[in-house]
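Peer 1: Structure supplied as target_7.cif; contents: mmCIF, C-alpha atoms.
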data_target
#
loop_
_atom_site.label_atom_id
_atom_site.label_comp_id
_atom_site.auth_asym_id
_atom_site.auth_seq_id
_atom_site.Cartn_x
_atom_site.Cartn_y
_atom_site.Cartn_z
CA MET A 1 109.83 71.74 110.41
CA ASP A 2 111.91 72.87 107.44
CA SER A 3 109.78 72.68 104.31
CA LYS A 4 112.82 71.38 102.41
CA THR A 5 113.19 68.27 104.60
CA ASN A 6 109.61 67.02 104.56
CA THR A 7 109.43 63.53 103.01
CA LYS A 8 105.64 63.29 102.62
CA THR A 9 104.10 63.00 99.18
CA ALA A 10 100.64 63.48 97.67
CA THR A 11 99.50 61.18 94.88
CA LEU A 12 97.39 62.42 91.98
CA THR A 13 95.82 60.06 89.48
CA VAL A 14 94.89 61.54 86.08
CA ASN A 15 93.74 59.40 83.14
CA ASP A 16 95.21 56.25 84.68
CA LYS A 17 98.55 58.02 85.24
CA THR A 18 99.76 58.36 88.83
CA VAL A 19 102.08 61.18 89.85
CA ASP A 20 103.60 61.94 93.24
CA PHE A 21 104.11 65.50 94.47
CA PRO A 22 106.11 66.62 97.53
CA VAL A 23 104.17 67.79 100.59
CA LEU A 24 105.90 70.69 102.31
CA GLY A 25 105.39 71.64 105.93
CA GLY A 26 105.97 75.01 107.55
CA THR A 27 106.63 75.76 111.21
CA VAL A 28 102.88 76.12 111.83
CA GLY A 29 99.73 76.01 109.72
CA PRO A 30 98.49 73.73 106.92
CA GLU A 31 100.93 71.71 104.84
CA VAL A 32 101.09 72.43 101.11
CA VAL A 33 101.35 70.24 98.04
CA ASP A 34 104.19 71.37 95.77
CA ILE A 35 102.59 71.32 92.31
CA SER A 36 105.31 73.33 90.56
CA LYS A 37 105.93 70.36 88.21
CA LEU A 38 102.26 69.54 87.67
CA TYR A 39 102.12 70.79 84.07
CA ALA A 40 105.38 69.10 83.11
CA GLN A 41 104.19 65.77 84.49
CA THR A 42 100.49 65.82 83.59
CA GLY A 43 99.96 68.54 80.97
CA MET A 44 97.42 70.15 83.33
CA PHE A 45 97.10 73.25 85.47
CA THR A 46 95.19 73.65 88.72
CA TYR A 47 92.08 75.86 88.77
CA ASP A 48 91.78 78.05 91.87
CA PRO A 49 89.88 81.34 91.36
CA GLY A 50 91.08 83.93 93.85
CA PHE A 51 93.99 81.64 94.82
CA THR A 52 92.08 80.72 97.99
CA SER A 53 93.78 77.32 98.22
CA THR A 54 97.13 78.28 96.73
CA ALA A 55 100.31 79.21 98.59
CA SER A 56 102.04 81.66 96.26
CA CYS A 57 105.25 81.97 98.26
CA GLU A 58 107.19 80.93 101.33
CA SER A 59 107.25 83.60 104.05
CA LYS A 60 108.48 84.09 107.60
CA ILE A 61 106.67 87.38 108.31
CA THR A 62 103.01 86.99 109.26
CA TYR A 63 100.88 84.03 110.28
CA ILE A 64 97.09 83.90 110.50
CA ASP A 65 94.91 81.11 111.87
CA GLY A 66 91.45 82.25 110.87
CA ASP A 67 89.62 79.44 112.64
CA GLU A 68 91.25 80.25 115.98
CA GLY A 69 91.37 84.03 115.54
CA ILE A 70 95.17 84.23 115.70
CA LEU A 71 97.39 86.88 114.08
CA LEU A 72 101.15 86.76 114.61
CA TYR A 73 103.84 89.16 113.39
CA ARG A 74 107.12 87.21 113.31
CA GLY A 75 105.61 84.91 115.95
CA TYR A 76 104.39 87.65 118.31
CA PRO A 77 100.63 87.86 119.01
CA ILE A 78 99.11 91.08 117.68
CA ALA A 79 97.56 91.92 121.06
CA GLN A 80 100.95 91.90 122.81
CA LEU A 81 102.52 94.16 120.19
CA ALA A 82 99.60 96.62 120.21
CA GLU A 83 99.28 96.79 123.98
CA GLN A 84 102.97 96.85 124.93
CA GLY A 85 104.91 98.29 121.99
CA ASP A 86 104.66 101.09 119.45
CA PHE A 87 104.36 101.21 115.67
CA LEU A 88 108.02 101.83 114.86
CA GLU A 89 108.99 98.85 117.01
CA THR A 90 106.53 96.80 114.96
CA CYS A 91 108.11 98.19 111.78
CA TYR A 92 111.55 97.08 112.94
CA LEU A 93 110.19 93.63 113.81
CA LEU A 94 108.52 93.13 110.43
CA LEU A 95 111.57 94.34 108.53
CA TYR A 96 114.33 92.58 110.47
CA GLY A 97 112.58 89.62 112.09
CA GLU A 98 113.37 90.42 115.73
CA LEU A 99 112.33 93.01 118.30
CA PRO A 100 114.97 95.74 118.58
CA THR A 101 117.28 96.31 121.51
CA PRO A 102 117.06 99.80 123.08
CA ALA A 103 120.02 100.96 120.99
CA GLN A 104 118.59 99.49 117.78
CA LYS A 105 115.20 101.06 118.52
CA ALA A 106 116.71 104.50 119.10
CA ASP A 107 118.75 104.26 115.90
CA PHE A 108 115.77 103.06 113.84
CA ASP A 109 113.45 105.75 115.21
CA ASP A 110 116.07 108.39 114.40
CA ARG A 111 116.56 107.13 110.84
CA ILE A 112 112.81 107.18 110.16
CA THR A 113 112.33 110.59 111.77
CA ARG A 114 115.08 112.18 109.68
CA HIS A 115 113.63 110.86 106.43
CA THR A 116 110.13 112.29 106.90
CA MET A 117 110.57 115.37 104.70
CA VAL A 118 109.91 114.96 100.98
CA HIS A 119 111.68 116.77 98.15
CA GLU A 120 110.34 120.32 97.93
CA GLN A 121 109.47 119.85 94.27
CA MET A 122 106.86 117.30 95.37
CA ALA A 123 104.73 120.23 96.55
CA ARG A 124 104.53 121.50 92.97
CA PHE A 125 103.69 117.98 91.80
CA PHE A 126 100.53 118.15 93.92
CA GLN A 127 99.35 121.27 92.13
CA GLY A 128 98.67 119.19 89.03
CA PHE A 129 95.69 117.53 90.70
CA ARG A 130 92.17 118.92 90.72
CA ARG A 131 91.30 120.47 94.06
CA ASP A 132 88.69 117.73 94.67
CA ALA A 133 90.98 114.82 93.76
CA HIS A 134 90.41 111.77 95.95
CA PRO A 135 93.33 111.37 98.39
CA MET A 136 93.87 107.78 97.26
CA ALA A 137 94.30 108.91 93.65
CA VAL A 138 96.91 111.37 94.89
CA MET A 139 98.63 108.65 96.91
CA VAL A 140 98.91 106.24 93.97
CA ALA A 141 100.50 108.96 91.84
CA SER A 142 102.74 110.60 94.45
CA VAL A 143 104.19 107.35 95.84
CA GLY A 144 104.93 106.13 92.33
CA ALA A 145 106.54 109.51 91.63
CA LEU A 146 109.05 109.00 94.46
CA ALA A 147 111.09 106.95 91.99
CA ALA A 148 111.52 110.14 89.95
CA PHE A 149 112.96 111.97 92.96
CA TYR A 150 115.12 109.32 94.66
CA HIS A 151 117.16 107.64 91.93
CA ASP A 152 119.75 106.48 94.43
CA SER A 153 117.46 103.85 95.97
CA THR A 154 115.86 102.06 93.02
CA ASP A 155 118.45 99.32 92.38
CA ILE A 156 116.73 96.24 93.79
CA ASN A 157 119.94 94.20 93.57
CA ASP A 158 121.78 96.48 96.01
CA PRO A 159 120.94 95.60 99.66
CA HIS A 160 121.89 99.11 100.81
CA GLN A 161 119.59 100.76 98.27
CA ARG A 162 116.76 98.41 99.25
CA MET A 163 117.22 99.42 102.88
CA VAL A 164 117.29 103.13 102.04
CA ALA A 165 114.14 102.80 99.92
CA SER A 166 112.43 100.97 102.78
CA MET A 167 113.34 103.67 105.30
CA ARG A 168 112.25 106.39 102.93
CA MET A 169 108.82 104.94 102.29
CA ILE A 170 108.02 104.22 105.94
CA ALA A 171 109.07 107.81 106.70
CA LYS A 172 107.71 109.72 103.70
CA ILE A 173 104.39 108.04 102.92
CA PRO A 174 102.75 109.57 106.05
CA THR A 175 103.99 112.97 104.87
CA LEU A 176 102.52 112.39 101.41
CA ALA A 177 99.27 111.17 103.00
CA ALA A 178 99.01 114.33 105.11
CA MET A 179 99.76 116.43 102.03
CA ALA A 180 96.99 114.63 100.12
CA PHE A 181 94.61 115.41 102.99
CA LYS A 182 95.63 119.06 103.19
CA TYR A 183 95.34 119.49 99.43
CA ASN A 184 91.86 117.95 99.48
CA VAL A 185 90.61 120.33 102.20
CA GLY A 186 92.35 123.39 100.74
CA GLN A 187 94.81 124.03 103.57
CA PRO A 188 98.58 124.67 103.39
CA PHE A 189 100.97 121.77 103.81
CA VAL A 190 102.48 121.31 107.28
CA TYR A 191 106.10 120.17 107.47
CA PRO A 192 107.02 117.22 109.72
CA LYS A 193 108.46 117.88 113.15
CA ASN A 194 111.33 115.70 114.35
CA SER A 195 110.55 116.09 118.05
CA LEU A 196 107.24 114.22 117.73
CA SER A 197 106.48 110.53 117.62
CA TYR A 198 105.47 108.88 114.34
CA ALA A 199 101.71 109.01 115.04
CA ALA A 200 101.80 112.44 116.72
CA ASN A 201 103.74 113.87 113.81
CA PHE A 202 101.15 112.56 111.36
CA LEU A 203 98.27 114.05 113.36
CA ARG A 204 100.02 117.41 113.43
CA MET A 205 100.69 117.35 109.68
CA CYS A 206 97.00 116.60 109.10
CA PHE A 207 95.30 118.96 111.56
CA ALA A 208 97.67 121.84 112.36
CA VAL A 209 97.17 125.20 110.63
CA PRO A 210 99.64 128.12 110.55
CA CYS A 211 97.31 130.54 112.35
CA ASP A 212 96.96 128.44 115.52
CA GLU A 213 99.25 126.55 117.86
CA TYR A 214 98.53 122.84 117.59
CA LYS A 215 98.96 120.47 120.50
CA VAL A 216 98.76 116.75 119.86
CA ASN A 217 96.24 114.94 122.02
CA PRO A 218 98.09 111.93 123.51
CA VAL A 219 94.92 109.78 123.44
CA MET A 220 94.55 110.42 119.70
CA ALA A 221 98.24 109.70 119.12
CA GLU A 222 98.00 106.43 121.07
CA ALA A 223 94.89 105.38 119.15
CA LEU A 224 96.46 106.12 115.78
CA ASP A 225 99.65 104.28 116.74
CA LYS A 226 97.60 101.20 117.64
CA ILE A 227 95.59 101.47 114.42
CA PHE A 228 98.88 101.48 112.51
CA ILE A 229 100.12 98.39 114.39
CA LEU A 230 96.88 96.49 113.79
CA HIS A 231 97.02 97.20 110.05
CA ALA A 232 100.77 96.80 109.53
CA ASP A 233 100.58 93.42 107.77
CA HIS A 234 98.07 90.69 107.08
CA GLU A 235 99.81 87.89 105.24
CA GLN A 236 99.20 87.36 101.48
CA ASN A 237 96.14 89.56 101.01
CA ALA A 238 95.22 91.18 97.68
CA SER A 239 97.41 94.29 97.99
CA THR A 240 100.40 92.38 99.39
CA SER A 241 100.12 89.85 96.59
CA THR A 242 99.99 92.79 94.17
CA VAL A 243 103.20 94.22 95.62
CA ARG A 244 104.90 90.84 95.37
CA ILE A 245 103.82 90.19 91.78
CA ALA A 246 104.84 93.71 90.73
CA GLY A 247 108.18 93.20 92.45
CA SER A 248 108.67 89.84 90.76
CA SER A 249 109.16 91.67 87.45
CA GLY A 250 112.07 93.63 88.91
CA ALA A 251 110.10 96.87 89.23
CA ASN A 252 111.55 99.50 91.55
CA PRO A 253 110.24 99.47 95.15
CA PHE A 254 108.33 102.76 94.85
CA ALA A 255 106.39 101.43 91.85
CA CYS A 256 105.62 98.21 93.73
CA ILE A 257 104.21 100.03 96.76
CA ALA A 258 102.19 102.33 94.47
CA ALA A 259 100.70 99.17 92.93
CA GLY A 260 99.77 97.93 96.41
CA ILE A 261 98.07 101.25 97.19
CA ALA A 262 96.09 101.02 93.94
CA CYS A 263 94.87 97.54 94.90
CA LEU A 264 94.04 98.65 98.44
CA TRP A 265 91.78 101.36 96.99
CA GLY A 266 89.25 98.71 95.98
CA PRO A 267 86.12 98.77 98.18
CA ALA A 268 86.36 95.02 98.79
CA HIS A 269 89.79 95.49 100.36
CA GLY A 270 90.66 98.83 101.94
CA GLY A 271 87.22 100.41 101.89
CA ALA A 272 85.55 98.06 104.35
CA ASN A 273 85.66 100.42 107.35
CA GLU A 274 84.04 103.18 105.30
CA ALA A 275 81.29 100.75 104.27
CA ALA A 276 80.72 99.76 107.91
CA LEU A 277 80.40 103.40 108.95
CA GLN A 278 77.97 104.07 106.11
CA MET A 279 75.87 101.10 107.23
CA LEU A 280 75.66 102.42 110.80
CA ALA A 281 74.66 105.86 109.49
CA GLU A 282 71.94 104.33 107.32
CA ILE A 283 70.51 102.43 110.30
CA GLY A 284 70.59 105.69 112.23
CA SER A 285 69.20 104.63 115.60
CA VAL A 286 68.91 101.58 117.83
CA ASP A 287 65.12 101.28 117.35
CA LYS A 288 65.65 100.63 113.63
CA ILE A 289 68.03 97.72 114.17
CA PRO A 290 65.34 94.95 114.27
CA GLU A 291 64.10 96.01 110.84
CA PHE A 292 67.67 96.08 109.53
CA ILE A 293 68.48 92.63 110.95
CA ALA A 294 65.31 91.24 109.35
CA GLN A 295 66.48 92.57 105.99
CA VAL A 296 69.93 91.03 106.48
CA LYS A 297 68.33 87.63 107.14
CA ASP A 298 65.96 87.92 104.17
CA LYS A 299 67.40 85.89 101.29
CA ASN A 300 65.65 88.14 98.78
CA SER A 301 67.10 91.33 100.27
CA THR A 302 70.23 93.06 98.99
CA VAL A 303 71.03 94.48 102.46
CA ARG A 304 74.39 93.30 103.79
CA LEU A 305 75.89 93.38 107.27
CA MET A 306 79.15 95.33 106.93
CA GLY A 307 81.99 95.08 109.45
CA PHE A 308 81.11 91.53 110.44
CA GLY A 309 82.77 88.35 109.26
CA HIS A 310 86.08 88.12 107.41
CA ARG A 311 87.52 86.33 104.40
CA VAL A 312 90.11 84.68 106.65
CA TYR A 313 88.86 84.89 110.25
CA LYS A 314 86.12 82.42 111.19
CA ASN A 315 86.37 83.51 114.79
CA TYR A 316 86.50 86.90 116.54
CA ASP A 317 89.02 89.09 114.69
CA PRO A 318 91.87 89.46 117.25
CA ARG A 319 92.42 93.04 116.09
CA ALA A 320 88.78 93.96 116.74
CA LYS A 321 89.08 93.44 120.50
CA ILE A 322 91.95 95.95 120.71
CA MET A 323 90.20 98.35 118.36
CA GLN A 324 87.02 98.20 120.46
CA LYS A 325 88.90 99.40 123.57
CA MET A 326 90.53 102.26 121.67
CA CYS A 327 87.22 103.19 120.08
CA HIS A 328 85.61 103.73 123.50
CA LYS A 329 88.66 105.63 124.74
CA VAL A 330 88.67 108.00 121.74
CA LEU A 331 84.93 108.59 121.91
CA ALA A 332 85.18 109.42 125.62
CA GLU A 333 88.11 111.79 124.99
CA THR A 334 86.35 113.62 122.17
CA GLY A 335 82.96 113.75 123.88
CA HIS A 336 81.41 111.39 121.35
CA GLN A 337 80.55 108.61 123.83
CA ASN A 338 76.88 109.41 123.26
CA ASP A 339 77.31 109.22 119.52
CA PRO A 340 74.23 107.42 118.15
CA LEU A 341 76.50 105.50 115.77
CA LEU A 342 78.27 103.93 118.75
CA HIS A 343 74.96 102.91 120.34
CA VAL A 344 73.92 101.31 117.06
CA ALA A 345 77.31 99.60 116.82
CA MET A 346 77.14 98.20 120.37
CA GLU A 347 73.63 96.87 119.88
CA LEU A 348 74.58 95.28 116.56
CA GLU A 349 77.60 93.65 118.20
CA LYS A 350 75.42 92.30 121.01
CA ILE A 351 72.95 90.81 118.55
CA ALA A 352 75.64 89.32 116.32
CA LEU A 353 77.29 87.57 119.28
CA SER A 354 74.03 86.10 120.59
CA ASP A 355 71.82 85.46 117.55
CA ASP A 356 72.09 81.91 116.18
CA TYR A 357 71.83 83.22 112.60
CA PHE A 358 75.13 85.10 112.98
CA ILE A 359 76.81 82.55 115.26
CA GLN A 360 76.22 79.70 112.80
CA ARG A 361 77.63 81.80 109.97
CA LYS A 362 80.53 82.99 112.16
CA LEU A 363 79.76 86.65 111.47
CA TYR A 364 81.85 88.12 114.27
CA PRO A 365 82.72 91.86 114.40
CA ASN A 366 85.95 92.61 112.54
CA ILE A 367 88.41 95.49 112.87
CA ASP A 368 86.59 97.61 110.27
CA PHE A 369 83.50 97.64 112.47
CA TYR A 370 85.24 99.81 115.08
CA SER A 371 87.97 101.59 113.12
CA GLY A 372 85.55 103.63 111.02
CA ILE A 373 83.84 105.07 114.11
CA THR A 374 87.20 105.77 115.74
CA LEU A 375 88.69 107.57 112.74
CA LYS A 376 85.53 109.63 112.31
CA ALA A 377 85.73 110.74 115.94
CA MET A 378 89.39 111.68 115.44
CA GLY A 379 88.36 114.10 112.69
CA PHE A 380 89.28 112.15 109.55
CA PRO A 381 86.79 112.22 106.65
CA THR A 382 85.84 108.87 105.12
CA SER A 383 87.95 109.64 102.04
CA MET A 384 91.04 109.36 104.28
CA PHE A 385 90.22 105.99 105.85
CA THR A 386 91.92 103.92 103.14
CA VAL A 387 94.83 106.36 103.02
CA LEU A 388 95.49 105.68 106.71
CA PHE A 389 95.29 101.96 105.95
CA ALA A 390 97.97 102.47 103.28
CA VAL A 391 100.22 104.38 105.69
CA ALA A 392 100.05 101.50 108.16
CA ARG A 393 100.39 98.72 105.59
CA THR A 394 103.44 100.27 103.90
CA VAL A 395 105.84 98.48 106.26
CA GLY A 396 104.13 95.15 105.63
CA TRP A 397 104.32 95.62 101.88
CA ILE A 398 107.99 96.59 102.08
CA SER A 399 108.83 93.65 104.34
CA GLN A 400 107.07 91.22 102.00
CA TRP A 401 108.72 92.80 98.94
CA SER A 402 112.17 92.64 100.53
CA GLU A 403 111.67 89.01 101.53
CA MET A 404 110.61 88.15 97.97
CA ILE A 405 113.63 89.89 96.42
CA GLN A 406 115.96 87.82 98.62
CA ASP A 407 114.14 84.52 97.99
CA PRO A 408 116.30 82.39 95.63
CA GLN A 409 113.15 80.59 94.45
CA GLN A 410 111.28 83.74 93.42
CA LYS A 411 110.44 84.11 89.76
CA ILE A 412 108.20 86.48 87.82
CA GLY A 413 104.55 85.90 88.68
CA ARG A 414 102.66 84.22 85.84
CA PRO A 415 99.28 82.71 86.79
CA ARG A 416 97.66 80.31 84.32
CA GLN A 417 94.08 80.22 83.08
CA LEU A 418 91.22 77.98 82.02
CA TYR A 419 90.61 79.23 78.48
CA THR A 420 86.95 79.14 77.35
CA GLY A 421 87.15 81.44 74.30
CA ALA A 422 86.97 80.70 70.58
CA THR A 423 89.21 78.05 69.06
CA THR A 424 91.34 78.72 65.97
CA ARG A 425 89.44 80.42 63.14
CA ASP A 426 90.43 82.13 59.90
CA TYR A 427 90.40 85.86 59.28
CA VAL A 428 87.55 87.07 57.03
CA ALA A 429 88.00 90.21 54.92
CA ILE A 430 85.78 93.06 56.07
CA ASP A 431 83.79 93.19 52.81
CA LYS A 432 82.87 89.52 53.20
CA ARG A 433 81.64 89.67 56.80
CA LYS A 434 77.91 89.45 57.47
#
How would this structure read if it were set down as structure tokens?
Peer 2:
Amino acid sequence: MDSKTNTKTATLTVNDKTVDFPVLGGTVGPEVVDISKLYAQTGMFTYDPGFTSTASCESKITYIDGDEGILLYRGYPIAQLAEQGDFLETCYLLLYGELPTPAQKADFDDRITRHTMVHEQMARFFQGFRRDAHPMAVMVASVGALAAFYHDSTDINDPHQRMVASMRMIAKIPTLAAMAFKYNVGQPFVYPKNSLSYAANFLRMCFAVPCDEYKVNPVMAEALDKIFILHADHEQNASTSTVRIAGSSGANPFACIAAGIACLWGPAHGGANEAALQMLAEIGSVDKIPEFIAQVKDKNSTVRLMGFGHRVYKNYDPRAKIMQKMCHKVLAETGHQNDPLLHVAMELEKIALSDDYFIQRKLYPNIDFYSGITLKAMGFPTSMFTVLFAVARTVGWISQWSEMIQDPQQKIGRPRQLYTGATTRDYVAIDKRK
């Protein structure tokens, strides 16, 4: 159904005044009440902390049904894309709306591959950071700094420049992420290699050193590619909304993506997999799980179950099932299948799926539950977990930003508020204040 042709209305009665508002319907999902004229007609705003019941835009990119555990990119189930395609195919789909033909895929892969190098002066830019700078701090700064190096792709009103900026960020942000990692561990930067796949190239840039020949493990490359697909977009989450609202002011695309990375850095958003891994480490062994579960159930306890449940999903996170398979595969490949953290994780999962306490509260394992263990086994420190999330989510942010720029209804974001501060009062000279 086209949202513009829906003839339904919703009636609101305020102080004996009745006002009708259009009800808009999408192709799937809940209908929405168009309250854009609410203030003009009633003198009131809505109050919705966290915007949990507010549709901030119209989008054709990603659809989530949290109750059913469904995640679709442009209509395609996430499991099909992760199991049958690769990350760059997913990038093409999110950007252009359709899966590429073989010729389109080859051309797209080539364009991304040949944009992976960053300006050589960026290396000197990194030297301004302390040696122990957090990689996410480096990412926020370096991605924002791309606008200082690539002036020819900052005009948001030029479709060609928007496309070039999009290609550059999908290609260069992994390079910047690997540089942030290398800088943090005190190793020399490794240049990208055009003969490798997107994920394999990133692994090499992170783990190769000049004194040894590095060979990419195909199991690790496959796992990372799937992790990127699973994290590529997730509808109007906090960081995506940040990118959109930054873009609504007309800010250049590099600044908008840097804003998204800054938002993702928050522990309530991008740091969830690190928190889940920390929880498993604190439990330590399977025999300590009963005590931990008792603390989780205790209303007076501050202990929380990390990696279970989701703000949106009230069913099994569809990404978690795919991530679970890759987790076992990576652990077997790296010899970590006897990792005590995995045993703790499996026992926790078993309990959560069978214990009425967790079933009633719909605390199913989410993607963060498995991704932290997987990334740790691949050799990434916890400080890099959110960086990898940012690398994957870049294409989602860019797709959402591009869609917003082309939306004729888009206007600068300007949320309202419920003011509870002081009313008008007169200034008192400092010598008369008590």
Peer 1: Which one of A:Lys37, A:Lys321, A:Arg311, A:Lys226 sits closest to Glu349 in chain A if you count only C-alpha atoms?
Peer 2: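 Between A:Lys37, A:Lys321, A:Arg311, A:Lys226, the residue approaching Glu349 in chain A most closely is A:Lys321.
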Peer 1: Smallest atom-to-atom distance to Phe358 in chain A: which of A:Ala106, A:Val395, A:Leu418, A:Leu305, using only C-alpha atoms?
Peer 2: A:Leu305
Peer 1: Which residues, written as a PDB file with C-alpha atoms, in the coordinates of the input, have at least one atom at most 8 Å from Ser166 in chain A, with all atoms listed in the file counted and residues fewer than 3 positions away on the same chain left out?
Peer 2:
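Once written, selection05.pdb looks like this:
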ATOM      1  CA  ARG A 162     116.760  98.410  99.250  1.00  0.00           C
ATOM      2  CA  MET A 163     117.220  99.420 102.880  1.00  0.00           C
ATOM      3  CA  MET A 169     108.820 104.940 102.290  1.00  0.00           C
ATOM      4  CA  ILE A 170     108.020 104.220 105.940  1.00  0.00           C
ATOM      5  CA  VAL A 395     105.840  98.480 106.260  1.00  0.00           C
ATOM      6  CA  ILE A 398     107.990  96.590 102.080  1.00  0.00           C
TER       7      ILE A 398
END
Peer 1: Restricting the calculation to only C-alpha atoms, which member of A:Lys325, A:Arg319, A:Lys376, A:His343 is positioned closest to Leu277 in chain A?
Peer 2: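 Nearest candidate to Leu277 in chain A out of A:Lys325, A:Arg319, A:Lys376, A:His343: A:Lys376.
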Peer 1: Sorted by chain and rising residue number, list the residues of range 205-309 of chain A at most 12 Å from range 123-142 of chain A (counting only C-alpha atoms), each with its closest atom pair and distance in Å to one decimal, as a tab-separated table.
Peer 2:
residue	atom	partner	partner_atom	distance
A:Phe254	CA	A:Ser142	CA	9.6
A:Ala255	CA	A:Val140	CA	9.1
A:Cys256	CA	A:Val140	CA	10.5
A:Ile257	CA	A:Val140	CA	8.6
A:Ala258	CA	A:Val140	CA	5.1
A:Ala259	CA	A:Val140	CA	7.4
A:Gly260	CA	A:Val140	CA	8.7
A:Ile261	CA	A:Val140	CA	6.0
A:Ala262	CA	A:Val140	CA	5.9
A:Cys263	CA	A:Val140	CA	9.6
A:Leu264	CA	A:Met136	CA	9.2
A:Trp265	CA	A:Met136	CA	6.8
A:Gly266	CA	A:Met136	CA	10.3
A:Pro267	CA	A:Met136	CA	11.9
A:Gly270	CA	A:Met136	CA	10.6
A:Gly271	CA	A:Met136	CA	11.0
Peer 1: What would the selection look like, as a CSV table (one decimal) with C-alpha atoms, in the frame of the given file, if the PyMOL selection byres ((chain A and resi 39-48) around 12) were run on the coordinates I just shared?
Peer 2:
chain,number,residue,atom,x,y,z
A,12,LEU,CA,97.4,62.4,92.0
A,13,THR,CA,95.8,60.1,89.5
A,14,VAL,CA,94.9,61.5,86.1
A,15,ASN,CA,93.7,59.4,83.1
A,16,ASP,CA,95.2,56.2,84.7
A,17,LYS,CA,98.6,58.0,85.2
A,18,THR,CA,99.8,58.4,88.8
A,19,VAL,CA,102.1,61.2,89.8
A,20,ASP,CA,103.6,61.9,93.2
A,21,PHE,CA,104.1,65.5,94.5
A,33,VAL,CA,101.4,70.2,98.0
A,34,ASP,CA,104.2,71.4,95.8
A,35,ILE,CA,102.6,71.3,92.3
A,36,SER,CA,105.3,73.3,90.6
A,37,LYS,CA,105.9,70.4,88.2
A,38,LEU,CA,102.3,69.5,87.7
A,49,PRO,CA,89.9,81.3,91.4
A,50,GLY,CA,91.1,83.9,93.8
A,51,PHE,CA,94.0,81.6,94.8
A,52,THR,CA,92.1,80.7,98.0
A,53,SER,CA,93.8,77.3,98.2
A,54,THR,CA,97.1,78.3,96.7
A,55,ALA,CA,100.3,79.2,98.6
A,56,SER,CA,102.0,81.7,96.3
A,415,PRO,CA,99.3,82.7,86.8
A,416,ARG,CA,97.7,80.3,84.3
A,417,GLN,CA,94.1,80.2,83.1
A,418,LEU,CA,91.2,78.0,82.0
A,419,TYR,CA,90.6,79.2,78.5
Peer 1: In Å, rounded to a single decimal, give me how far CA of Thr374 in chain A is from CA of Met326 in chain A.
Peer 2: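 Separation between CA of Met326 in chain A and CA of Thr374 in chain A: 7.7 Å.
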Peer 1: Which residues, named as in the file, does the PyMOL selection byres ((chain A and resi 289-292) around 10) pick out? Answer as a list in words.
Peer 2: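 So the PyMOL selection byres ((chain A and resi 289-292) around 10), applied here, picks out Met279, Leu280, Glu282, Ile283, Gly284, Ser285, Val286, Asp287, Lys288, Ile293, Ala294, Gln295, Val296, Lys297, Asp298, Val303, Arg304, Leu305, Val344, Ala345, Glu347, Leu348 and Ile351 of chain A.
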